[in-house]
Protein chains: 2
Amino acid sequence: MIDAVLTKRLRQIVGENNYRDDQEARISHSYDGTPMLQSLPDGVIYPSSTEQVSEIMKALAAYRVPVVSRGSGSNLCGGTVPVAGGVVMVMHRMNRILEIDMENLTATVQPGIITGEFIAHVESLGLFYPPDPSSMKISTIGGNIAECSGGLRGLKYGTTKDYVIGLEAVLASGDIIRTGGKLMKDVAGYDLTKLLVGSEGTLAIITEATLKLVPPPASKKTMLAMYKDLYGAARTVSRIIEGKIIPATLEFMDNPTIRVVDDFAKLGLPRDMEAILLIEQDGDSETVERDIAKIREICELEQADRIEVAENREQAEKLLTARRSAFTALARLRPTTMLEDATVPRSRIAEMVLRINEIARKYDVAIATFGHAGDGNLHPTATTDARDKEEVHRVEQAFEDIFQAAIEFGGTITGEHGVGLVKAPFLEWKVGPAGLEVMKGIKNAFDPHHLLNPGKIFAKETRKRVVIERG
Amino acid sequence: MIDAVLTKRLRQIVGENNYRDDQEARISHSYDGTPMLQSLPDGVIYPSSTEQVSEIMKALAAYRVPVVSRGSGSNLCGGTVPVAGGVVMVMHRMNRILEIDMENLTATVQPGIITGEFIAHVESLGLFYPPDPSSMKISTIGGNIAECSGGLRGLKYGTTKDYVIGLEAVLASGDIIRTGGKLMKDVAGYDLTKLLVGSEGTLAIITEATLKLVPPPASKKTMLAMYKDLYGAARTVSRIIEGKIIPATLEFMDNPTIRVVDDFAKLGLPRDMEAILLIEQDGDSETVERDIAKIREICELEQADRIEVAENREQAEKLLTARRSAFTALARLRPTTMLEDATVPRSRIAEMVLRINEIARKYDVAIATFGHAGDGNLHPTATTDARDKEEVHRVEQAFEDIFQAAIEFGGTITGEHGVGLVKAPFLEWKVGPAGLEVMKGIKNAFDPHHLLNPGKIFAKETRKRVVIERG
């Protein structure tokens with residue numbers, strides 16, 4: 001697919017060592033954080049500047065060679081698997097913080113910087129960048145922007161989208177565009193900034209981002225509330241919001257997750273609880289104290305069996321560990337872990353968890369559920385074994401039912417992971433045929449030859465939706 | 001343009017009295033809130049449901065008749081002037097609040113509801129919808145969404161875009177799409193919700209919106225700080241933000257505005273001040289007291305000549321009146337008021353105000369400047385007389401220089417009013433030729449025959465940018 005002339009040109013652009021087509025480079029960029037998906041690229045390229053990205057795109061466009069831009073590939077939707085071959089463009093060399101502007105409270109960064117490193121730097125300057133995807137220790141800001149990553153602080157602070165105010169991006173043609181800026185407001189034409197956030201590398205390659213920073217909260221308090229009744233936990237979530245408190249974090253773990261986490265992290269969690277809520281509030285200390293007291297009252301009213309409020313950061317970290325180790329703990333159970341992010345209006349969480357359990361029983365698969373209760377964003381997680389094709393098929397059927405249930409409850413097939421390969425067949429369920437056509441039109445406007453991350457978002461075939469009669 | 005068969009069909013859809021082509025209806029929908037722009041439509045239609053909007057679009061599409069959807073037409077960019085004739089679609093009959101969901105903190109509304117009425121209803125339920133455009137007493141939510149309206153609370157709370165989480169819209173084809181939902185997170189495909197917000201009626205006709213509501217702040221405090229030195233006022237703005245305080249409101253008036261407002265509202269403002277800042281903070285009372293005290297310190301440090309902190313709501317209203325009456329007061333001076341919304345990074349405000357004054361002197365026109373200092377969103381306002389073509393030409397030249405200056409300072413041609421007709425020739429200055437091409441591609445994807453609000457955003461000719469050498 002990539003002939004000698006193009007190979008030579010690519011090496012001219014990035015330097016001899018920064019274009020690789022050896023087996024090692026190809027294999028190690030043939031998969032991402034999503035299980036059971038693999039496809040070999042023809043080559044791997046490592047640009048170091050916007051100009052190089054532009055020149056690469058001009059060369060690839062001339063040869064109609066597809067390109068998958070990526071950071072660390074920690075996504076969970078098969079978003080960076082090069083299913084059409086071509087070139088994988090790794091952004092790790094473009095990893096500088098170009099500016100922190102203390103007067104305008106903005107950061108300008110290259111896409112390849114690791115999210116956690118960026119956050120640490122921002123915090124060392126006494127500022128705050130709220131989006132905190134679980135993958136932040138390895139994920140890149142560019143990847144977060146491509147997938148519109150969420151995180152534990154999403155309920156109060158929003159997701160990546162809410163903090164990207166300007167972008168530089170290279171189009172499929174090689175043309176460079178700049179959107180937004182260090183501006184809190186800009187309505188000059190269509191909002192290309194927000195359109196590119198979450199577009200999964202299918203519209204343009206992001207080469208620079210201007211991010212909004214905010215003042216950090218003065219204090220924070222962390223608590224766990226444990227319930228024998230799932231509905232009590234769900235009602236707690238609703239009552240907190242109805243009580244006009246928006247906590248920084250409002251996370252949920254179901255019984256299967258609690259057990260696995262306790263086995264793994266030895267936290268002494270009560271294994272007979274149906275649900276645990278992890279709740280954090282931040283802000284001024286008076287506000288935090290008052291909110292946490294009110295939340296505690298609500299938990300008690302809803303018959304929480306046990307409530308633990310951390311007295312200091314060390315205790316808080318211990319409580320946070322329970323939630324943070326959920327994925328790792330589940331991943332230890334069986335060889336393959338499949339984690340989804342069906343999302344419902346937050347008032348429907350209890351119904352959704354019960355439905356997920358029902359579906360798991362129907363297909364005889366092991367699904368544990370945890371996630372961002374305040375956002376209605378749940379992570380039903382199946383533990384299985386990729387070598388057992390029959391069981392994997394049942395897991396896939398279960399997820400299909402789960403997506404359908406999310407839609408039925410007024411929700412969506414993905415809250416923060418993106419569509420990628422995995423959910424492409426289900427996108428039409430959420431957006432309808434007319435919505436899908438509009439999205440395809442946008443794709444064609446940006447990328448007429450479908451060179452940018454082909455095969456993602458748009459599936460060759462939409463899965464048929466089975467209408468289930470319910471009593 | 002609209003023949004008898006189409007007229008009959010339109011009357012069938014909406015009922016005899018809800019399609020009008022008499023002179024009165026046509027003339028009263030030939031202009032909007034923007035001065036000196038007028039163009040007669042062929043007819044005016046008043047749908048009462050999404051289904052009617054869909055049927056109307058199918059009929060108009062079959063005849064290739066353009067349509068301008070509008071609410072109260074209070075925009076300031078010529079956004080709803082029917083320059084290509086066709087049908088004006090007035091959304092005032094679709095003005096219901098369909099649901100306030102207290103559990104999910106969302107409102108679902110039709111586009112024709114008056115913003116102020118919606119806000120009053122939401123507040124009566126103890127909730128808060130922050131976007132507060134100055135036109136809110138007459139503007140509609142649909143119009144706010146089309147223009148992505150800002151307002152005085154934008155600095156802390158963001159603009160309309162930040163509160164629209166779901167939309168129902170009718171495409172040019174008559175197809176109905178639904179985007180987002182009662183969901184705090186949704187990454188199922190491209191973000192059509194945010195794309196439609198601020199698309200000025202050029203991509204689809206919004207027929208329903210789901211809005212995010214938030215808990216109201218417990219208390220609020222209002223102050224004025226007056227400066228003999230413009231830079232002192234500008235530095236105050238920067239120091240407040242640098243001091244990690246984000247006030248709810250941080251507004252600016254220059255000397256010409258102060259004088260005019262004082263003549264009008266008889267507030268006893270000191271007429272020799274170069275700048276007045278109106279500052280509000282809201283939140284928990286401890287936070288508000290602490291922030292206002294810190295802000296007062298900063299104002300004193302920056303040599304504010306006079307500081308007034310309102311002791312109660314009545315006093316606060318008096319202080320707010322100073323800023324709120326700016327436009328009305330200016331509008332009384334001369335027959336024609338032209339108000340723009342060039343926006344710069346907030347660190348560049350003082351330079352921008354000085355540049356505006358320089359430009360006003362250069363063209364010998366009267367320009368007063370007020371606006372949202374915290375956002376860097378200024379409203380240079382020229383008072384002139386539409387009958388004096390020569391003077392109006394000088395005003396237009398001055399605004400052209402002002403847009404250019406905004407771009408030079410890293411800003412944008414419009415922060416909250418939209419591009420419409422007025423700024424279409426300047427859009428390329430902000431977004432570049434490649435950005436403009438991408439936007440045209442999006443337009444074509446949604447509306448291949450350019451039936452939706454033709455002539456807006458995209459100009460036939462882009463104004464040439466004169467590069468000025470500066471010392």
# chains A, B, ... in the order shown; residues from 1 in each chain; ligands from 1
$ residues_around --residues "Ile292 in chain B" --least-positions-apart "2" --cutoff "12 Å" --atoms "only C-alpha atoms" --output "CSV table (one decimal) with N, CA, C and O atoms, in the first residue's frame"
chain,number,residue,atom,x,y,z
B,220,LYS,N,-25.7,37.1,46.8
B,220,LYS,CA,-25.1,37.8,45.7
B,220,LYS,C,-24.7,39.2,46.2
B,220,LYS,O,-25.4,39.7,47.1
B,221,LYS,N,-23.6,39.7,45.8
B,221,LYS,CA,-23.2,41.1,46.2
B,221,LYS,C,-22.8,41.9,45.0
B,221,LYS,O,-22.1,41.3,44.1
B,222,THR,N,-23.1,43.2,45.0
B,222,THR,CA,-22.8,44.0,43.8
B,222,THR,C,-22.0,45.2,44.2
B,222,THR,O,-22.2,45.8,45.2
B,223,MET,N,-21.0,45.6,43.3
B,223,MET,CA,-20.2,46.8,43.6
B,223,MET,C,-19.9,47.5,42.3
B,223,MET,O,-19.9,46.9,41.2
B,224,LEU,N,-19.6,48.8,42.5
B,224,LEU,CA,-19.0,49.6,41.4
B,224,LEU,C,-17.6,50.1,41.8
B,224,LEU,O,-17.4,50.4,43.0
B,225,ALA,N,-16.7,50.1,40.9
B,225,ALA,CA,-15.4,50.7,41.1
B,225,ALA,C,-15.1,51.6,40.0
B,225,ALA,O,-15.3,51.3,38.8
B,240,ILE,N,-8.0,40.4,39.3
B,240,ILE,CA,-9.1,39.6,39.9
B,240,ILE,C,-9.0,38.1,39.4
B,240,ILE,O,-9.0,37.2,40.2
B,245,ILE,N,-10.2,34.5,41.4
B,245,ILE,CA,-11.6,34.8,41.6
B,245,ILE,C,-12.3,34.9,40.3
B,245,ILE,O,-11.8,35.7,39.4
B,246,ILE,N,-13.3,34.2,40.1
B,246,ILE,CA,-14.1,34.3,38.9
B,246,ILE,C,-15.5,35.0,39.3
B,246,ILE,O,-16.4,34.3,39.8
B,247,PRO,N,-15.6,36.3,39.1
B,247,PRO,CA,-16.9,36.9,39.5
B,247,PRO,C,-18.0,36.5,38.6
B,247,PRO,O,-17.8,36.1,37.5
B,248,ALA,N,-19.2,36.6,39.1
B,248,ALA,CA,-20.4,36.3,38.3
B,248,ALA,C,-20.5,37.3,37.2
B,248,ALA,O,-20.8,37.0,36.0
B,249,THR,N,-20.2,38.6,37.5
B,249,THR,CA,-20.3,39.6,36.5
B,249,THR,C,-19.1,40.6,36.7
B,249,THR,O,-18.7,40.8,37.8
B,250,LEU,N,-18.5,41.0,35.5
B,250,LEU,CA,-17.4,41.9,35.6
B,250,LEU,C,-17.5,42.8,34.3
B,250,LEU,O,-17.0,42.4,33.3
B,278,LEU,N,-18.5,47.3,36.9
B,278,LEU,CA,-19.6,46.8,37.7
B,278,LEU,C,-19.2,45.3,38.0
B,278,LEU,O,-18.9,44.5,37.1
B,279,ILE,N,-19.1,45.0,39.3
B,279,ILE,CA,-18.7,43.7,39.7
B,279,ILE,C,-19.7,43.0,40.6
B,279,ILE,O,-20.2,43.6,41.5
B,280,GLU,N,-20.1,41.8,40.2
B,280,GLU,CA,-21.0,41.0,41.1
B,280,GLU,C,-20.3,39.7,41.4
B,280,GLU,O,-19.7,39.0,40.5
B,281,GLN,N,-20.5,39.2,42.6
B,281,GLN,CA,-20.1,37.8,42.9
B,281,GLN,C,-21.4,37.2,43.6
B,281,GLN,O,-22.1,37.8,44.3
B,282,ASP,N,-21.5,35.9,43.3
B,282,ASP,CA,-22.6,35.1,43.9
B,282,ASP,C,-22.1,33.8,44.4
B,282,ASP,O,-20.9,33.4,44.1
B,283,GLY,N,-22.9,33.1,45.2
B,283,GLY,CA,-22.4,31.9,45.8
B,283,GLY,C,-22.8,31.8,47.3
B,283,GLY,O,-23.7,32.6,47.7
B,285,SER,N,-22.7,32.7,51.1
B,285,SER,CA,-22.5,34.1,51.6
B,285,SER,C,-21.1,34.3,52.1
B,285,SER,O,-20.5,35.3,51.9
B,286,GLU,N,-20.4,33.2,52.7
B,286,GLU,CA,-19.1,33.4,53.2
B,286,GLU,C,-18.1,33.7,52.0
B,286,GLU,O,-17.3,34.5,52.0
B,287,THR,N,-18.3,32.9,50.9
B,287,THR,CA,-17.5,33.0,49.7
B,287,THR,C,-17.7,34.4,49.1
B,287,THR,O,-16.7,35.1,48.7
B,288,VAL,N,-18.9,34.8,49.0
B,288,VAL,CA,-19.2,36.1,48.4
B,288,VAL,C,-18.6,37.2,49.2
B,288,VAL,O,-17.9,38.1,48.7
B,289,GLU,N,-18.7,37.2,50.5
B,289,GLU,CA,-18.1,38.2,51.4
B,289,GLU,C,-16.6,38.3,51.2
B,289,GLU,O,-16.0,39.3,51.1
B,290,ARG,N,-16.0,37.1,51.2
B,290,ARG,CA,-14.6,37.0,51.1
B,290,ARG,C,-14.1,37.5,49.7
B,290,ARG,O,-13.1,38.3,49.6
B,294,LYS,N,-11.8,40.8,48.8
B,294,LYS,CA,-10.5,40.7,48.1
B,294,LYS,C,-10.6,41.6,46.8
B,294,LYS,O,-9.6,42.2,46.5
B,295,ILE,N,-11.7,41.6,46.2
B,295,ILE,CA,-11.9,42.4,45.0
B,295,ILE,C,-11.7,43.9,45.3
B,295,ILE,O,-11.0,44.7,44.6
B,296,ARG,N,-12.3,44.3,46.4
B,296,ARG,CA,-12.2,45.7,46.9
B,296,ARG,C,-10.7,46.0,47.1
B,296,ARG,O,-10.3,47.1,46.7
B,297,GLU,N,-10.0,45.1,47.7
B,297,GLU,CA,-8.5,45.4,47.9
B,297,GLU,C,-7.8,45.6,46.6
B,297,GLU,O,-7.0,46.5,46.5
B,298,ILE,N,-8.1,44.7,45.6
B,298,ILE,CA,-7.5,44.9,44.3
B,298,ILE,C,-7.9,46.2,43.7
B,298,ILE,O,-7.0,46.9,43.2
B,299,CYS,N,-9.1,46.6,43.8
B,299,CYS,CA,-9.6,47.9,43.2
B,299,CYS,C,-8.8,49.1,43.9
B,299,CYS,O,-8.3,50.0,43.2
B,307,ILE,N,-15.3,53.5,45.3
B,307,ILE,CA,-15.8,52.1,45.3
B,307,ILE,C,-17.1,52.2,46.1
B,307,ILE,O,-17.2,52.7,47.2
B,308,GLU,N,-18.2,51.6,45.4
B,308,GLU,CA,-19.5,51.5,46.1
B,308,GLU,C,-19.9,50.1,46.2
B,308,GLU,O,-20.0,49.4,45.2
B,309,VAL,N,-20.1,49.5,47.4
B,309,VAL,CA,-20.6,48.2,47.5
B,309,VAL,C,-22.1,48.3,48.0
B,309,VAL,O,-22.4,48.9,49.0
B,310,ALA,N,-23.0,47.6,47.3
B,310,ALA,CA,-24.4,47.7,47.6
B,310,ALA,C,-24.6,47.0,48.9
B,310,ALA,O,-24.1,45.9,49.1
$ interface_residues --of "chain A" --to "chain B" --cutoff "7 Å" --atoms "only C-alpha atoms" --output "PyMOL selection string"
chain A and resi 102-104+175+177-179+182-191+194-195+198-199+215+238+241-242+244+284+287+344-347+375+411-416+418-419+427+431+434-435+438-439+441-442+445-446+457
$ select_by_dssp --residues "range 230-262 of chain A" --states "helix (DSSP H, G or I)" --output "ChimeraX atom specification"
/A:230-242,255-262
$ write_last_selection --atoms "N, CA and C atoms" --output "PDB file, in the first residue's frame"
ATOM      1  N   LEU A 230     -30.362  -1.276  46.598  1.00  0.00           N
ATOM      2  CA  LEU A 230     -29.891  -0.543  45.427  1.00  0.00           C
ATOM      3  C   LEU A 230     -30.692   0.731  45.207  1.00  0.00           C
ATOM      4  N   TYR A 231     -32.022   0.618  45.402  1.00  0.00           N
ATOM      5  CA  TYR A 231     -32.874   1.783  45.181  1.00  0.00           C
ATOM      6  C   TYR A 231     -32.574   2.898  46.174  1.00  0.00           C
ATOM      7  N   GLY A 232     -32.175   2.513  47.387  1.00  0.00           N
ATOM      8  CA  GLY A 232     -31.786   3.527  48.371  1.00  0.00           C
ATOM      9  C   GLY A 232     -30.604   4.341  47.863  1.00  0.00           C
ATOM     10  N   ALA A 233     -29.617   3.640  47.265  1.00  0.00           N
ATOM     11  CA  ALA A 233     -28.460   4.332  46.703  1.00  0.00           C
ATOM     12  C   ALA A 233     -28.874   5.225  45.547  1.00  0.00           C
ATOM     13  N   ALA A 234     -29.726   4.692  44.669  1.00  0.00           N
ATOM     14  CA  ALA A 234     -30.159   5.474  43.504  1.00  0.00           C
ATOM     15  C   ALA A 234     -30.963   6.689  43.943  1.00  0.00           C
ATOM     16  N   ARG A 235     -31.850   6.482  44.938  1.00  0.00           N
ATOM     17  CA  ARG A 235     -32.637   7.628  45.418  1.00  0.00           C
ATOM     18  C   ARG A 235     -31.735   8.670  46.068  1.00  0.00           C
ATOM     19  N   THR A 236     -30.659   8.219  46.701  1.00  0.00           N
ATOM     20  CA  THR A 236     -29.702   9.166  47.284  1.00  0.00           C
ATOM     21  C   THR A 236     -29.137  10.086  46.202  1.00  0.00           C
ATOM     22  N   VAL A 237     -28.765   9.484  45.070  1.00  0.00           N
ATOM     23  CA  VAL A 237     -28.228  10.277  43.952  1.00  0.00           C
ATOM     24  C   VAL A 237     -29.239  11.339  43.536  1.00  0.00           C
ATOM     25  N   SER A 238     -30.486  10.906  43.311  1.00  0.00           N
ATOM     26  CA  SER A 238     -31.510  11.853  42.871  1.00  0.00           C
ATOM     27  C   SER A 238     -31.770  12.927  43.919  1.00  0.00           C
ATOM     28  N   ARG A 239     -31.840  12.524  45.194  1.00  0.00           N
ATOM     29  CA  ARG A 239     -32.160  13.495  46.241  1.00  0.00           C
ATOM     30  C   ARG A 239     -31.045  14.527  46.439  1.00  0.00           C
ATOM     31  N   ILE A 240     -29.807  14.108  46.234  1.00  0.00           N
ATOM     32  CA  ILE A 240     -28.690  15.071  46.351  1.00  0.00           C
ATOM     33  C   ILE A 240     -28.852  16.159  45.294  1.00  0.00           C
ATOM     34  N   ILE A 241     -29.098  15.730  44.055  1.00  0.00           N
ATOM     35  CA  ILE A 241     -29.252  16.697  42.959  1.00  0.00           C
ATOM     36  C   ILE A 241     -30.512  17.545  43.183  1.00  0.00           C
ATOM     37  N   GLU A 242     -31.613  16.877  43.519  1.00  0.00           N
ATOM     38  CA  GLU A 242     -32.854  17.616  43.803  1.00  0.00           C
ATOM     39  C   GLU A 242     -32.662  18.587  44.959  1.00  0.00           C
ATOM     40  N   ASN A 255     -22.788  -4.628  43.796  1.00  0.00           N
ATOM     41  CA  ASN A 255     -22.289  -5.710  44.648  1.00  0.00           C
ATOM     42  C   ASN A 255     -21.167  -6.535  44.016  1.00  0.00           C
ATOM     43  N   PRO A 256     -21.319  -6.976  42.762  1.00  0.00           N
ATOM     44  CA  PRO A 256     -20.209  -7.740  42.181  1.00  0.00           C
ATOM     45  C   PRO A 256     -18.907  -6.945  42.167  1.00  0.00           C
ATOM     46  N   THR A 257     -18.999  -5.650  41.896  1.00  0.00           N
ATOM     47  CA  THR A 257     -17.786  -4.821  41.887  1.00  0.00           C
ATOM     48  C   THR A 257     -17.204  -4.718  43.290  1.00  0.00           C
ATOM     49  N   ILE A 258     -18.063  -4.482  44.282  1.00  0.00           N
ATOM     50  CA  ILE A 258     -17.607  -4.367  45.673  1.00  0.00           C
ATOM     51  C   ILE A 258     -16.794  -5.592  46.079  1.00  0.00           C
ATOM     52  N   ARG A 259     -17.317  -6.782  45.773  1.00  0.00           N
ATOM     53  CA  ARG A 259     -16.629  -8.023  46.159  1.00  0.00           C
ATOM     54  C   ARG A 259     -15.259  -8.133  45.521  1.00  0.00           C
ATOM     55  N   VAL A 260     -15.216  -7.862  44.239  1.00  0.00           N
ATOM     56  CA  VAL A 260     -13.960  -8.002  43.504  1.00  0.00           C
ATOM     57  C   VAL A 260     -12.942  -6.993  44.000  1.00  0.00           C
ATOM     58  N   VAL A 261     -13.411  -5.751  44.210  1.00  0.00           N
ATOM     59  CA  VAL A 261     -12.525  -4.698  44.695  1.00  0.00           C
ATOM     60  C   VAL A 261     -11.976  -5.068  46.070  1.00  0.00           C
ATOM     61  N   ASP A 262     -12.830  -5.625  46.917  1.00  0.00           N
ATOM     62  CA  ASP A 262     -12.385  -5.975  48.261  1.00  0.00           C
ATOM     63  C   ASP A 262     -11.365  -7.113  48.231  1.00  0.00           C
TER      64      ASP A 262
END
$ atom_distance --atom1 "CA of Tyr63 in chain A" --atom2 "CA of Glu461 in chain A"
27.1 Å
$ residues_around --residues "Gln397 in chain B" --least-positions-apart "2" --cutoff "12 Å" --atoms "only C-alpha atoms" --output "JSON list (two decimals) with N, CA and C atoms, in the first residue's frame"
[["chain", "number", "residue", "atom", "x", "y", "z"],
["B", 359, "ILE", "N", -9.30, 54.80, 16.80],
["B", 359, "ILE", "CA", -10.01, 54.57, 15.53],
["B", 359, "ILE", "C", -11.17, 55.56, 15.39],
["B", 360, "ALA", "N", -11.89, 55.79, 16.50],
["B", 360, "ALA", "CA", -13.02, 56.73, 16.47],
["B", 360, "ALA", "C", -12.52, 58.13, 16.07],
["B", 362, "LYS", "N", -9.78, 58.77, 14.38],
["B", 362, "LYS", "CA", -9.31, 58.72, 12.98],
["B", 362, "LYS", "C", -10.45, 58.98, 11.99],
["B", 363, "TYR", "N", -11.62, 58.36, 12.29],
["B", 363, "TYR", "CA", -12.74, 58.49, 11.36],
["B", 363, "TYR", "C", -13.73, 59.57, 11.79],
["B", 364, "ASP", "N", -13.39, 60.27, 12.87],
["B", 364, "ASP", "CA", -14.24, 61.35, 13.38],
["B", 364, "ASP", "C", -15.68, 60.88, 13.60],
["B", 365, "VAL", "N", -15.80, 59.80, 14.35],
["B", 365, "VAL", "CA", -17.14, 59.29, 14.68],
["B", 365, "VAL", "C", -17.23, 59.13, 16.20],
["B", 382, "ALA", "N", -21.52, 52.93, 18.16],
["B", 382, "ALA", "CA", -21.47, 54.19, 17.43],
["B", 382, "ALA", "C", -22.87, 54.80, 17.37],
["B", 390, "GLU", "N", -22.63, 59.57, 4.36],
["B", 390, "GLU", "CA", -21.19, 59.79, 4.46],
["B", 390, "GLU", "C", -20.70, 59.43, 5.87],
["B", 391, "GLU", "N", -21.44, 59.85, 6.88],
["B", 391, "GLU", "CA", -21.03, 59.53, 8.25],
["B", 391, "GLU", "C", -21.15, 58.02, 8.51],
["B", 392, "VAL", "N", -22.24, 57.44, 8.04],
["B", 392, "VAL", "CA", -22.43, 55.99, 8.23],
["B", 392, "VAL", "C", -21.27, 55.23, 7.59],
["B", 393, "HIS", "N", -20.82, 55.72, 6.45],
["B", 393, "HIS", "CA", -19.69, 55.07, 5.79],
["B", 393, "HIS", "C", -18.45, 55.13, 6.69],
["B", 394, "ARG", "N", -18.24, 56.29, 7.33],
["B", 394, "ARG", "CA", -17.09, 56.41, 8.23],
["B", 394, "ARG", "C", -17.24, 55.46, 9.44],
["B", 395, "VAL", "N", -18.45, 55.34, 9.94],
["B", 395, "VAL", "CA", -18.69, 54.41, 11.05],
["B", 395, "VAL", "C", -18.35, 52.98, 10.60],
["B", 399, "PHE", "N", -15.60, 50.44, 12.22],
["B", 399, "PHE", "CA", -15.85, 49.08, 12.71],
["B", 399, "PHE", "C", -14.93, 48.07, 12.03],
["B", 400, "GLU", "N", -14.69, 48.30, 10.75],
["B", 400, "GLU", "CA", -13.78, 47.41, 10.03],
["B", 400, "GLU", "C", -12.40, 47.43, 10.70],
["B", 401, "ASP", "N", -11.93, 48.62, 11.04],
["B", 401, "ASP", "CA", -10.65, 48.73, 11.75],
["B", 401, "ASP", "C", -10.72, 48.06, 13.12],
["B", 402, "ILE", "N", -11.88, 48.18, 13.78],
["B", 402, "ILE", "CA", -12.04, 47.58, 15.11],
["B", 402, "ILE", "C", -11.97, 46.05, 15.02],
["B", 403, "PHE", "N", -12.64, 45.48, 14.00],
["B", 403, "PHE", "CA", -12.58, 44.02, 13.83],
["B", 403, "PHE", "C", -11.13, 43.59, 13.60],
["B", 404, "GLN", "N", -10.45, 44.36, 12.77],
["B", 404, "GLN", "CA", -9.06, 44.04, 12.46],
["B", 404, "GLN", "C", -8.19, 44.10, 13.73],
["B", 463, "ARG", "N", -14.15, 40.84, 2.72],
["B", 463, "ARG", "CA", -13.46, 42.12, 2.74],
["B", 463, "ARG", "C", -11.94, 41.87, 2.78],
["B", 465, "ARG", "N", -8.22, 42.40, 3.89],
["B", 465, "ARG", "CA", -7.66, 42.89, 5.14],
["B", 465, "ARG", "C", -6.43, 43.73, 4.86],
["B", 466, "VAL", "N", -6.46, 44.94, 5.35],
["B", 466, "VAL", "CA", -5.33, 45.83, 5.13],
["B", 466, "VAL", "C", -4.34, 45.62, 6.27]]
$ atom_distance --atom1 "CA of Lys212 in chain B" --atom2 "CA of Tyr157 in chain B"
11.8 Å
$ select_by_dssp --residues "range 88-201 of chain B" --states "strand (DSSP E or B)" --output "list in words"
Val88, Met89, Val90, Ile97, Leu98, Glu99, Ile100, Asp101, Thr106, Ala107, Thr108, Val109, Ile114, Phe128, Thr140, Val164, Ile165, Gly166, Leu167, Glu168, Ala169, Val170, Ile176, Ile177, Arg178, Thr179 and Gly180 of chain B
$ atom_distance --atom1 "CA of Gln38 in chain B" --atom2 "CA of Val83 in chain B"
7.6 Å
$ residues_around --residues "Phe252 in chain B" --least-positions-apart "5" --cutoff "8 Å" --atoms "only C-alpha atoms" --output "list in words"
Ala275, Ile276, Leu277, Leu278, Arg323, Phe370, Gly371, His372 and Ala373 of chain B
$ residues_around --residues "Leu452 in chain B" --least-positions-apart "2" --cutoff "6 Å" --atoms "only C-alpha atoms" --output "mmCIF file with all heavy atoms, in the first residue's frame"
data_model
loop_
_atom_site.group_PDB
_atom_site.id
_atom_site.type_symbol
_atom_site.label_atom_id
_atom_site.label_comp_id
_atom_site.auth_asym_id
_atom_site.auth_seq_id
_atom_site.Cartn_x
_atom_site.Cartn_y
_atom_site.Cartn_z
ATOM 1 N N PRO B 66 -36.594 29.847 -0.064
ATOM 2 C CA PRO B 66 -35.819 30.021 1.173
ATOM 3 C C PRO B 66 -36.693 30.370 2.372
ATOM 4 O O PRO B 66 -37.818 30.865 2.214
ATOM 5 C CB PRO B 66 -34.854 31.163 0.854
ATOM 6 C CG PRO B 66 -35.430 31.872 -0.312
ATOM 7 C CD PRO B 66 -36.297 30.888 -1.053
ATOM 8 N N VAL B 67 -36.142 30.107 3.549
ATOM 9 C CA VAL B 67 -36.901 30.357 4.773
ATOM 10 C C VAL B 67 -35.966 30.935 5.843
ATOM 11 O O VAL B 67 -34.821 30.511 5.986
ATOM 12 C CB VAL B 67 -37.574 29.050 5.265
ATOM 13 C CG1 VAL B 67 -36.549 27.985 5.597
ATOM 14 C CG2 VAL B 67 -38.463 29.305 6.482
ATOM 15 N N THR B 202 -28.962 28.588 9.939
ATOM 16 C CA THR B 202 -28.489 28.226 8.598
ATOM 17 C C THR B 202 -28.358 26.724 8.381
ATOM 18 O O THR B 202 -28.109 26.285 7.261
ATOM 19 C CB THR B 202 -27.108 28.865 8.291
ATOM 20 O OG1 THR B 202 -26.141 28.291 9.195
ATOM 21 C CG2 THR B 202 -27.128 30.376 8.451
ATOM 22 N N HIS B 450 -29.245 25.608 -0.035
ATOM 23 C CA HIS B 450 -29.135 26.918 0.631
ATOM 24 C C HIS B 450 -30.487 27.590 0.833
ATOM 25 O O HIS B 450 -30.672 28.755 0.493
ATOM 26 C CB HIS B 450 -28.173 27.825 -0.144
ATOM 27 C CG HIS B 450 -26.759 27.325 -0.118
ATOM 28 N ND1 HIS B 450 -25.662 28.135 -0.253
ATOM 29 C CD2 HIS B 450 -26.249 26.086 0.068
ATOM 30 C CE1 HIS B 450 -24.552 27.409 -0.172
ATOM 31 N NE2 HIS B 450 -24.889 26.159 0.017
ATOM 32 N N PRO B 454 -30.526 32.062 3.881
ATOM 33 C CA PRO B 454 -29.448 32.339 2.931
ATOM 34 C C PRO B 454 -28.874 33.741 3.118
ATOM 35 O O PRO B 454 -29.566 34.657 3.550
ATOM 36 C CB PRO B 454 -30.131 32.201 1.567
ATOM 37 C CG PRO B 454 -31.586 32.353 1.824
ATOM 38 C CD PRO B 454 -31.818 31.840 3.221
#
